[in-house]
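Here's the structure, in structure tokens; my notes come after.
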Protein chains: 2
Amino acid sequence: MPTKLKKSVPHRTYLDESELPRDWYNIQADLPTPMPPFLHPTTHAPVTVDDLCGIFARPIAEQELTKERFIEIPDEVRALYKTFRPSPLHRAYNLEKAIGTPARIYYKFESNNPSGSHKLNSAVAQVHFNKAAGVRRITTETGGGQWGSALAIASKMAGLDCTVYMVKVSYEQKPYRRILMETYGGQVVASPSNTTEAGRKMLAAHPDSLGSLGGAISEAVEDALTHPETTRYALGSVLNHVLLHQTIIGLEAKKQMEKIDEYPDVVIGCCGGGSNFSGLAHPFLMDRLREGRQVRAVTIEPMACPSLTRGKYAYDFGDLSHFTPLMPMYTLGHMFEPPGIHAGGLRYHGVAPILAHLFHEGIVECEAVFQRDVFDAAVLFAQNEVILPAPESAHAILGAINEAKRCAQTGEEKVILFSLSGCGYFDMSAYKSYLSGDMKNYAITDELLASGLNSVSDIPIS
Amino acid sequence: MPTKLKKSVPHRTYLDESELPRDWYNIQADLPTPMPPFLHPTTHAPVTVDDLCGIFARPIAEQELTKERFIEIPDEVRALYKTFRPSPLHRAYNLEKAIGTPARIYYKFESNNPSGSHKLNSAVAQVHFNKAAGVRRITTETGGGQWGSALAIASKMAGLDCTVYMVKVSYEQKPYRRILMETYGGQVVASPSNTTEAGRKMLAAHPDSLGSLGGAISEAVEDALTHPETTRYALGSVLNHVLLHQTIIGLEAKKQMEKIDEYPDVVIGCCGGGSNFSGLAHPFLMDRLREGRQVRAVTIEPMACPSLTRGKYAYDFGDLSHFTPLMPMYTLGHMFEPPGIHAGGLRYHGVAPILAHLFHEGIVECEAVFQRDVFDAAVLFAQNEVILPAPESAHAILGAINEAKRCAQTGEEKVILFSLSGCGYFDMSAYKSYLSGDMKNYAITDELLASGLNSVSDIPIS
């Protein structure tokens, strides 16, 4: 069959703001088999909206459990989206040339806002629903800092207060991230802190503790639970409602690809909790699940924190203190402590339950990669596409480059679409480590893996 | 007269890449009185293209002195521009609302590339012309780091080597800027260095010298002069050819405003050397000079380095070692050392001769502002427009806010257009200083002013 003649594609394809999607897409409506339920942390009964309302505002709790296919984006959220969306779809002409591939590589550029990532998509939505429910203060945790920055920015835009528990090692090593949150009015607390019972316990056990994401989540949730009149908690990944909000990425990308008469053969994103990958992939997977359209979805995780490729499909907690529901996910265990790779946003022990389910069903694929290869890809991309990627996003870049190189060997003119979820302006120390030649490749030992998996529950996923 | 009904303006107005301008605009063709010539540093005769060719590649030297109105943008440069241009024109709806102004505020967003500023517009052009002339290595200086980053990026894109003399205080205080340049293959040398005669002299006189922009220029020029076979020098502002390349900003902005049926009453930009202000303003001033169109052009400079408002209109050198031509400009004297404001890019002792001439002729206006007011404006902008501005660009923001506030008092529905020339991701220590409340307002003393002006030449501008 002759290759279809393509019209000339610009470097960037935009949408008018009138083309901003009006609904988010909920893949739960189209799953071939239903997702296993979340379980109450103590009773182990399936969680209800009421169960979640202690931690989350009610509209968020409802979104978490709904199976409706499309959820309307409120006008107020669309108005805020318009300050930084629709985001452009880029054609990676220079990268294609550098690789020498017949593949056509596209990326959705999500980092053109000061949070530096896609996180603002859900932050703006969560803050809106909290405000609508009468919440006046929001708590959260942050590791690398993208999510904390996004929530601080969104809170400021809506006039809410925001407290961010920042993992102490990041608090100390990334002062600029902290200042960014403070510039947007966020109150930033180093975790473990003395202000929560969970923090005090951690400090008593390890006075010099540098903190962990699981520990910071516990502090942020406890803060919300102890201020029920004013305060709720917000999470930046993993949960269904977060993935739902992030589908704005893929919904826009579909419209943009339609404009240039393209459709991806493969969609690629990095995997921490799974929100940016899922946000890009779900709207395309809708076509596969509903219409049988051929499209692969591949997520890229670090060898140092290989939740999907080496984790256990089991019920596990999202945090150290067992405040969260038990969630069905691929997990390395909530006590797992990954090596200190530079992609801090990918150092979570589990993945989103929806992503876990899709992976378990063979609908999503996963590739685990080494850190130095990721930075080879990051620098090649930066030098050719004139954008400096975040280490997290560089995992997706590497996935796309690997796919494009395979096309160079086979001659296939595949259409590759990946998510450039974040920029690297706050990650220059990682680039320094790479340039100096002393960057390490981490893979986890069987001992480390076993020690983490010990903390996974023995409740079977039925 | 009734207010004209405006059609709905989107938050961002884009251009198709096919609409990228094909020519730069040279305001020298339309000056009511000719600009005084540059003078040879030793003979004091007007400089010729041949004079400039020792330092610059010939096509650059020719551009520096031409009076042609339009200079064609080579296809190769347009191809590179397409990786990061056309840049969007934003409507500052949120800022307008925060101020409560009837004015309509627009800004041209130039910092969506890893150099973090508009500097890449000229870097890409200069590297192209150097490469075309057989140059294999380019030298330059950098203070804040934007220009050095831009030249390193452009050099990598074209396959040339690049050496950046970075003012030592920045080299030490802004390691991330240095790493960024190194990520793009730039060789970064702390200035004063031991590798040039100029550097060795500075070190002999002041072994602990933290360097200065004038000194770094001397080193970069000397490096080029001593490697005539392979190397030329590049400057990031001040000179005519740099302003010429930057007119891409205003040429695009005009097309974008035309699309939304707008025309600015006032165009605003910050002033260091003057390249981003001039780049935005010249294409609009063309309409004023050729057709008598009503448009004001206002540049904003820091009280700490008030070249236009307190400097002398006189011939002066661009650098410490008198390598550059004598240029007719408003200058505080090439030996002037401004206080350490955070807007490092605005700490130059003079301004572009073209800008000086336009200011002298009353065609351009200038306002000097205090640092804390600048950061008030920066934070107000960041919190409302969801973009983190560079301290330099925040001067333009303050100028626009001041104008918009005046409109709030008079009820005038002015159209204000400013240049958002850079982002602040590498300036978080400045924001920290502001948030801590210990940021200083600097104005210069009469003594400091007099000591700087002592170094200005006594050659009259005829």
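Within each chain, counting starts at residue 1; across the structure tokens, chains are named A, B, ... in the order shown, with ligands numbered 1 upward in that order.
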Show me, as a list of chain:residue names, every residue of chain A with an atom at most 6 Å from chain B, counting only C-alpha atoms.
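That gives A:Asn113, A:Pro114, A:Tyr176, A:Ile179, A:Ile387, A:Leu388, A:Met428, A:Lys432 for chain A.
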Shell around A:Thr66 at 9 Å using only C-alpha atoms, local window under 2 positions removed, as a list in words:
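The residues satisfying every condition are Asn26, Gln28, Ala29, Ala61, Glu62, Gln63, Glu64, Glu68 and Arg69 of chain A.
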List as a PDB file with N, CA, C and O atoms, in the first residue's frame the protein and nucleic acid residues near stretch 200-206 of chain B, meaning an atom at most 12 Å away when only C-alpha atoms are counted, but skip any in the same chain fewer than 2 places from it.
```
ATOM      1  N   LYS B 168      32.810  36.739  37.065  1.00  0.00           N
ATOM      2  CA  LYS B 168      33.096  35.753  38.101  1.00  0.00           C
ATOM      3  C   LYS B 168      32.018  35.689  39.183  1.00  0.00           C
ATOM      4  O   LYS B 168      31.670  34.606  39.659  1.00  0.00           O
ATOM      5  N   ALA B 190      35.426  31.677  33.932  1.00  0.00           N
ATOM      6  CA  ALA B 190      35.178  32.754  34.887  1.00  0.00           C
ATOM      7  C   ALA B 190      36.083  33.936  34.552  1.00  0.00           C
ATOM      8  O   ALA B 190      37.277  33.776  34.318  1.00  0.00           O
ATOM      9  N   SER B 191      35.499  35.130  34.504  1.00  0.00           N
ATOM     10  CA  SER B 191      36.251  36.345  34.152  1.00  0.00           C
ATOM     11  C   SER B 191      36.313  37.295  35.344  1.00  0.00           C
ATOM     12  O   SER B 191      35.284  37.556  35.968  1.00  0.00           O
ATOM     13  N   PRO B 192      37.483  37.843  35.671  1.00  0.00           N
ATOM     14  CA  PRO B 192      38.750  37.766  34.950  1.00  0.00           C
ATOM     15  C   PRO B 192      39.410  36.396  35.029  1.00  0.00           C
ATOM     16  O   PRO B 192      39.371  35.746  36.067  1.00  0.00           O
ATOM     17  N   SER B 193      40.013  36.003  33.906  1.00  0.00           N
ATOM     18  CA  SER B 193      40.692  34.710  33.815  1.00  0.00           C
ATOM     19  C   SER B 193      42.174  34.920  33.539  1.00  0.00           C
ATOM     20  O   SER B 193      42.606  36.029  33.226  1.00  0.00           O
ATOM     21  N   ASN B 194      42.918  33.820  33.590  1.00  0.00           N
ATOM     22  CA  ASN B 194      44.348  33.875  33.257  1.00  0.00           C
ATOM     23  C   ASN B 194      44.604  33.640  31.780  1.00  0.00           C
ATOM     24  O   ASN B 194      45.752  33.646  31.350  1.00  0.00           O
ATOM     25  N   THR B 195      43.544  33.460  31.006  1.00  0.00           N
ATOM     26  CA  THR B 195      43.755  33.051  29.612  1.00  0.00           C
ATOM     27  C   THR B 195      43.887  34.231  28.658  1.00  0.00           C
ATOM     28  O   THR B 195      44.206  34.030  27.502  1.00  0.00           O
ATOM     29  N   THR B 196      43.634  35.448  29.125  1.00  0.00           N
ATOM     30  CA  THR B 196      43.822  36.618  28.259  1.00  0.00           C
ATOM     31  C   THR B 196      44.703  37.637  28.963  1.00  0.00           C
ATOM     32  O   THR B 196      44.800  37.660  30.193  1.00  0.00           O
ATOM     33  N   GLU B 197      45.294  38.490  28.144  1.00  0.00           N
ATOM     34  CA  GLU B 197      46.106  39.583  28.677  1.00  0.00           C
ATOM     35  C   GLU B 197      45.232  40.520  29.525  1.00  0.00           C
ATOM     36  O   GLU B 197      45.614  40.943  30.615  1.00  0.00           O
ATOM     37  N   ALA B 198      44.042  40.817  28.983  1.00  0.00           N
ATOM     38  CA  ALA B 198      43.115  41.695  29.711  1.00  0.00           C
ATOM     39  C   ALA B 198      42.768  41.107  31.073  1.00  0.00           C
ATOM     40  O   ALA B 198      42.752  41.815  32.091  1.00  0.00           O
ATOM     41  N   ASP B 208      41.430  39.580  43.831  1.00  0.00           N
ATOM     42  CA  ASP B 208      40.153  39.013  44.274  1.00  0.00           C
ATOM     43  C   ASP B 208      38.980  39.536  43.451  1.00  0.00           C
ATOM     44  O   ASP B 208      37.818  39.404  43.856  1.00  0.00           O
ATOM     45  N   SER B 209      39.256  40.142  42.304  1.00  0.00           N
ATOM     46  CA  SER B 209      38.197  40.747  41.494  1.00  0.00           C
ATOM     47  C   SER B 209      37.072  39.764  41.195  1.00  0.00           C
ATOM     48  O   SER B 209      37.314  38.608  40.833  1.00  0.00           O
ATOM     49  N   LEU B 210      35.857  40.222  41.351  1.00  0.00           N
ATOM     50  CA  LEU B 210      34.685  39.407  40.994  1.00  0.00           C
ATOM     51  C   LEU B 210      34.244  39.671  39.560  1.00  0.00           C
ATOM     52  O   LEU B 210      33.255  39.130  39.101  1.00  0.00           O
ATOM     53  N   GLY B 211      35.019  40.520  38.878  1.00  0.00           N
ATOM     54  CA  GLY B 211      34.752  40.738  37.458  1.00  0.00           C
ATOM     55  C   GLY B 211      33.670  41.758  37.194  1.00  0.00           C
ATOM     56  O   GLY B 211      32.995  42.243  38.101  1.00  0.00           O
ATOM     57  N   SER B 212      33.541  42.110  35.928  1.00  0.00           N
ATOM     58  CA  SER B 212      32.504  43.041  35.494  1.00  0.00           C
ATOM     59  C   SER B 212      32.188  42.730  34.047  1.00  0.00           C
ATOM     60  O   SER B 212      32.961  42.054  33.357  1.00  0.00           O
ATOM     61  N   GLY B 214      32.082  44.809  31.538  1.00  0.00           N
ATOM     62  CA  GLY B 214      33.065  45.470  30.686  1.00  0.00           C
ATOM     63  C   GLY B 214      34.356  44.673  30.590  1.00  0.00           C
ATOM     64  O   GLY B 214      34.979  44.574  29.526  1.00  0.00           O
ATOM     65  N   GLY B 215      34.768  44.109  31.700  1.00  0.00           N
ATOM     66  CA  GLY B 215      35.993  43.310  31.711  1.00  0.00           C
ATOM     67  C   GLY B 215      35.833  42.014  30.932  1.00  0.00           C
ATOM     68  O   GLY B 215      36.727  41.592  30.195  1.00  0.00           O
ATOM     69  N   ALA B 216      34.679  41.386  31.079  1.00  0.00           N
ATOM     70  CA  ALA B 216      34.432  40.129  30.365  1.00  0.00           C
ATOM     71  C   ALA B 216      34.361  40.366  28.857  1.00  0.00           C
ATOM     72  O   ALA B 216      34.836  39.546  28.062  1.00  0.00           O
ATOM     73  N   SER B 218      36.075  42.654  27.291  1.00  0.00           N
ATOM     74  CA  SER B 218      37.473  42.790  26.879  1.00  0.00           C
ATOM     75  C   SER B 218      38.115  41.425  26.669  1.00  0.00           C
ATOM     76  O   SER B 218      38.827  41.198  25.686  1.00  0.00           O
ATOM     77  N   GLU B 219      37.883  40.520  27.588  1.00  0.00           N
ATOM     78  CA  GLU B 219      38.483  39.190  27.452  1.00  0.00           C
ATOM     79  C   GLU B 219      37.952  38.459  26.207  1.00  0.00           C
ATOM     80  O   GLU B 219      38.720  37.842  25.467  1.00  0.00           O
ATOM     81  N   GLU B 222      39.407  40.057  23.056  1.00  0.00           N
ATOM     82  CA  GLU B 222      40.823  39.709  22.906  1.00  0.00           C
ATOM     83  C   GLU B 222      40.987  38.271  22.436  1.00  0.00           C
ATOM     84  O   GLU B 222      41.824  37.981  21.559  1.00  0.00           O
ATOM     85  N   LEU B 320      35.863  47.807  29.157  1.00  0.00           N
ATOM     86  CA  LEU B 320      36.886  48.373  30.039  1.00  0.00           C
ATOM     87  C   LEU B 320      38.199  48.644  29.323  1.00  0.00           C
ATOM     88  O   LEU B 320      38.909  49.592  29.639  1.00  0.00           O
ATOM     89  N   SER B 321      38.550  47.783  28.360  1.00  0.00           N
ATOM     90  CA  SER B 321      39.875  47.863  27.746  1.00  0.00           C
ATOM     91  C   SER B 321      39.898  48.639  26.442  1.00  0.00           C
ATOM     92  O   SER B 321      40.897  48.611  25.721  1.00  0.00           O
TER      93      SER B 321
END
```
Would you please give, as an MDAnalysis selection string, all residues of stretch 197-310 of chain A that DSSP assigns to alpha helix (DSSP H) based on the backbone?
chainID A and resid 197:205 213:225 240:259 275:291 307:310
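The shortest atom-to-atom distance to A:Arg137, with only C-alpha atoms taken into account, belongs to A:Gly159 out of A:Pro32, A:Gly159, A:Gly362, A:Gly199.
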Check stretch 239-318 of chain A with DSSP on the backbone and list each residue it calls strand (DSSP E), as a PDB file with N, CA and C atoms, in the first residue's frame.
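Saved result, result.pdb, follows:
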```
ATOM      1  N   VAL A 266       1.728   4.802  18.682  1.00  0.00           N
ATOM      2  CA  VAL A 266       2.108   4.517  20.061  1.00  0.00           C
ATOM      3  C   VAL A 266       2.131   5.817  20.860  1.00  0.00           C
ATOM      4  N   VAL A 267       1.623   5.728  22.086  1.00  0.00           N
ATOM      5  CA  VAL A 267       1.571   6.865  23.000  1.00  0.00           C
ATOM      6  C   VAL A 267       2.458   6.525  24.191  1.00  0.00           C
ATOM      7  N   ILE A 268       3.325   7.467  24.567  1.00  0.00           N
ATOM      8  CA  ILE A 268       4.361   7.178  25.567  1.00  0.00           C
ATOM      9  C   ILE A 268       4.369   8.248  26.654  1.00  0.00           C
ATOM     10  N   GLY A 269       4.517   7.835  27.904  1.00  0.00           N
ATOM     11  CA  GLY A 269       4.672   8.789  29.000  1.00  0.00           C
ATOM     12  C   GLY A 269       5.475   8.172  30.125  1.00  0.00           C
ATOM     13  N   CYS A 270       6.084   8.989  30.953  1.00  0.00           N
ATOM     14  CA  CYS A 270       6.834   8.464  32.088  1.00  0.00           C
ATOM     15  C   CYS A 270       5.869   8.052  33.187  1.00  0.00           C
ATOM     16  N   ARG A 296      -0.944   1.621  20.653  1.00  0.00           N
ATOM     17  CA  ARG A 296      -0.252   1.077  21.825  1.00  0.00           C
ATOM     18  C   ARG A 296      -0.050   2.188  22.852  1.00  0.00           C
ATOM     19  N   ALA A 297      -0.017   1.812  24.124  1.00  0.00           N
ATOM     20  CA  ALA A 297       0.246   2.771  25.195  1.00  0.00           C
ATOM     21  C   ALA A 297       1.384   2.219  26.038  1.00  0.00           C
ATOM     22  N   VAL A 298       2.499   2.951  26.077  1.00  0.00           N
ATOM     23  CA  VAL A 298       3.706   2.455  26.743  1.00  0.00           C
ATOM     24  C   VAL A 298       4.140   3.448  27.805  1.00  0.00           C
ATOM     25  N   THR A 299       4.304   2.981  29.021  1.00  0.00           N
ATOM     26  CA  THR A 299       4.789   3.864  30.074  1.00  0.00           C
ATOM     27  C   THR A 299       6.220   3.475  30.455  1.00  0.00           C
ATOM     28  N   ILE A 300       7.002   4.476  30.810  1.00  0.00           N
ATOM     29  CA  ILE A 300       8.430   4.263  31.066  1.00  0.00           C
ATOM     30  C   ILE A 300       8.714   4.548  32.533  1.00  0.00           C
ATOM     31  N   GLU A 301       9.291   3.560  33.221  1.00  0.00           N
ATOM     32  CA  GLU A 301       9.592   3.759  34.638  1.00  0.00           C
ATOM     33  C   GLU A 301      11.088   3.592  34.880  1.00  0.00           C
ATOM     34  N   PRO A 302      11.601   4.133  35.992  1.00  0.00           N
ATOM     35  CA  PRO A 302      13.032   3.996  36.267  1.00  0.00           C
ATOM     36  C   PRO A 302      13.374   2.610  36.826  1.00  0.00           C
ATOM     37  N   LYS A 312       4.522  -5.943  42.919  1.00  0.00           N
ATOM     38  CA  LYS A 312       3.528  -6.983  43.141  1.00  0.00           C
ATOM     39  C   LYS A 312       2.143  -6.378  42.900  1.00  0.00           C
ATOM     40  N   TYR A 313       1.269  -7.094  42.223  1.00  0.00           N
ATOM     41  CA  TYR A 313      -0.105  -6.590  42.030  1.00  0.00           C
ATOM     42  C   TYR A 313      -0.880  -6.974  43.275  1.00  0.00           C
ATOM     43  N   ALA A 314      -1.092  -6.011  44.155  1.00  0.00           N
ATOM     44  CA  ALA A 314      -1.634  -6.331  45.474  1.00  0.00           C
ATOM     45  C   ALA A 314      -2.218  -5.087  46.112  1.00  0.00           C
ATOM     46  N   TYR A 315      -2.974  -5.269  47.170  1.00  0.00           N
ATOM     47  CA  TYR A 315      -3.479  -4.123  47.929  1.00  0.00           C
ATOM     48  C   TYR A 315      -2.364  -3.542  48.778  1.00  0.00           C
ATOM     49  N   ASP A 316      -2.236  -2.218  48.729  1.00  0.00           N
ATOM     50  CA  ASP A 316      -1.206  -1.560  49.540  1.00  0.00           C
ATOM     51  C   ASP A 316      -1.677  -0.154  49.909  1.00  0.00           C
TER      52      ASP A 316
END
```
Close residues, B:Leu65 itself excluded, 10 Å, only C-alpha atoms, min 6 positions apart in chain, as a PyMOL selection string:
chain B and resi 28+37-38+47-49+52+239-241
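For the pair atom CA of B:Ser122 and atom CA of B:Gly54, the interatomic distance is 19.9 Å.
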Skip A:Arg104 itself and residues of its chain fewer than 4 positions away, then list as a PyMOL selection string all residues within 9 Å of it, counting only C-alpha atoms.
chain A and resi 91-93+96+404+413-417
Residues within 10 Å of B:Thr140, only C-alpha atoms, excluding chain neighbours under 4 positions, as a VMD selection string:
chain B and resid 147 to 148 151 to 152 162 to 166 188 216 to 221 223 to 224 232 to 236
Give me a file of those residues, with N, CA and C atoms, as a PDB file, in the first residue's frame.
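Saved to out-v2.pdb:
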```pdb
ATOM      1  N   TRP B 147      22.355  35.824  27.789  1.00  0.00           N
ATOM      2  CA  TRP B 147      23.002  35.911  26.486  1.00  0.00           C
ATOM      3  C   TRP B 147      23.979  34.760  26.273  1.00  0.00           C
ATOM      4  N   GLY B 148      24.754  34.453  27.293  1.00  0.00           N
ATOM      5  CA  GLY B 148      25.682  33.326  27.178  1.00  0.00           C
ATOM      6  C   GLY B 148      24.937  32.033  26.889  1.00  0.00           C
ATOM      7  N   LEU B 151      23.728  32.088  23.248  1.00  0.00           N
ATOM      8  CA  LEU B 151      24.777  31.862  22.248  1.00  0.00           C
ATOM      9  C   LEU B 151      25.268  30.410  22.283  1.00  0.00           C
ATOM     10  N   ALA B 152      25.332  29.830  23.477  1.00  0.00           N
ATOM     11  CA  ALA B 152      25.728  28.424  23.573  1.00  0.00           C
ATOM     12  C   ALA B 152      24.709  27.538  22.850  1.00  0.00           C
ATOM     13  N   CYS B 162      31.770  27.394  21.194  1.00  0.00           N
ATOM     14  CA  CYS B 162      31.370  28.635  21.840  1.00  0.00           C
ATOM     15  C   CYS B 162      32.087  28.778  23.181  1.00  0.00           C
ATOM     16  N   THR B 163      32.753  29.900  23.375  1.00  0.00           N
ATOM     17  CA  THR B 163      33.408  30.178  24.655  1.00  0.00           C
ATOM     18  C   THR B 163      32.765  31.405  25.281  1.00  0.00           C
ATOM     19  N   VAL B 164      32.324  31.239  26.511  1.00  0.00           N
ATOM     20  CA  VAL B 164      31.615  32.317  27.203  1.00  0.00           C
ATOM     21  C   VAL B 164      32.433  32.777  28.402  1.00  0.00           C
ATOM     22  N   TYR B 165      32.831  34.050  28.416  1.00  0.00           N
ATOM     23  CA  TYR B 165      33.465  34.635  29.585  1.00  0.00           C
ATOM     24  C   TYR B 165      32.362  35.133  30.510  1.00  0.00           C
ATOM     25  N   MET B 166      32.249  34.463  31.650  1.00  0.00           N
ATOM     26  CA  MET B 166      31.144  34.755  32.560  1.00  0.00           C
ATOM     27  C   MET B 166      31.692  35.548  33.744  1.00  0.00           C
ATOM     28  N   VAL B 188      32.654  27.525  29.467  1.00  0.00           N
ATOM     29  CA  VAL B 188      32.399  28.685  30.305  1.00  0.00           C
ATOM     30  C   VAL B 188      33.647  28.999  31.126  1.00  0.00           C
ATOM     31  N   ALA B 216      34.679  41.386  31.079  1.00  0.00           N
ATOM     32  CA  ALA B 216      34.432  40.129  30.365  1.00  0.00           C
ATOM     33  C   ALA B 216      34.361  40.366  28.857  1.00  0.00           C
ATOM     34  N   ILE B 217      33.806  41.522  28.448  1.00  0.00           N
ATOM     35  CA  ILE B 217      33.790  41.874  27.022  1.00  0.00           C
ATOM     36  C   ILE B 217      35.225  41.969  26.512  1.00  0.00           C
ATOM     37  N   SER B 218      36.075  42.654  27.291  1.00  0.00           N
ATOM     38  CA  SER B 218      37.473  42.790  26.879  1.00  0.00           C
ATOM     39  C   SER B 218      38.115  41.425  26.669  1.00  0.00           C
ATOM     40  N   GLU B 219      37.883  40.520  27.588  1.00  0.00           N
ATOM     41  CA  GLU B 219      38.483  39.190  27.452  1.00  0.00           C
ATOM     42  C   GLU B 219      37.952  38.459  26.207  1.00  0.00           C
ATOM     43  N   ALA B 220      36.657  38.541  25.989  1.00  0.00           N
ATOM     44  CA  ALA B 220      36.060  37.824  24.859  1.00  0.00           C
ATOM     45  C   ALA B 220      36.540  38.398  23.533  1.00  0.00           C
ATOM     46  N   VAL B 221      36.661  39.731  23.470  1.00  0.00           N
ATOM     47  CA  VAL B 221      37.137  40.362  22.236  1.00  0.00           C
ATOM     48  C   VAL B 221      38.603  39.993  21.999  1.00  0.00           C
ATOM     49  N   ASP B 223      40.204  37.377  23.000  1.00  0.00           N
ATOM     50  CA  ASP B 223      40.249  35.969  22.589  1.00  0.00           C
ATOM     51  C   ASP B 223      40.003  35.858  21.089  1.00  0.00           C
ATOM     52  N   ALA B 224      38.996  36.581  20.599  1.00  0.00           N
ATOM     53  CA  ALA B 224      38.681  36.537  19.160  1.00  0.00           C
ATOM     54  C   ALA B 224      39.821  37.141  18.338  1.00  0.00           C
ATOM     55  N   ARG B 232      35.501  34.544  16.015  1.00  0.00           N
ATOM     56  CA  ARG B 232      34.989  35.908  16.050  1.00  0.00           C
ATOM     57  C   ARG B 232      34.210  36.095  17.346  1.00  0.00           C
ATOM     58  N   TYR B 233      33.928  37.380  17.610  1.00  0.00           N
ATOM     59  CA  TYR B 233      33.247  37.770  18.831  1.00  0.00           C
ATOM     60  C   TYR B 233      31.776  38.031  18.524  1.00  0.00           C
ATOM     61  N   ALA B 234      30.916  37.866  19.513  1.00  0.00           N
ATOM     62  CA  ALA B 234      29.484  38.182  19.347  1.00  0.00           C
ATOM     63  C   ALA B 234      29.009  38.949  20.562  1.00  0.00           C
ATOM     64  N   LEU B 235      28.173  39.949  20.321  1.00  0.00           N
ATOM     65  CA  LEU B 235      27.642  40.777  21.404  1.00  0.00           C
ATOM     66  C   LEU B 235      26.121  40.605  21.451  1.00  0.00           C
ATOM     67  N   GLY B 236      25.578  40.639  22.662  1.00  0.00           N
ATOM     68  CA  GLY B 236      24.159  40.292  22.820  1.00  0.00           C
ATOM     69  C   GLY B 236      23.205  41.461  22.865  1.00  0.00           C
TER      70      GLY B 236
END
```
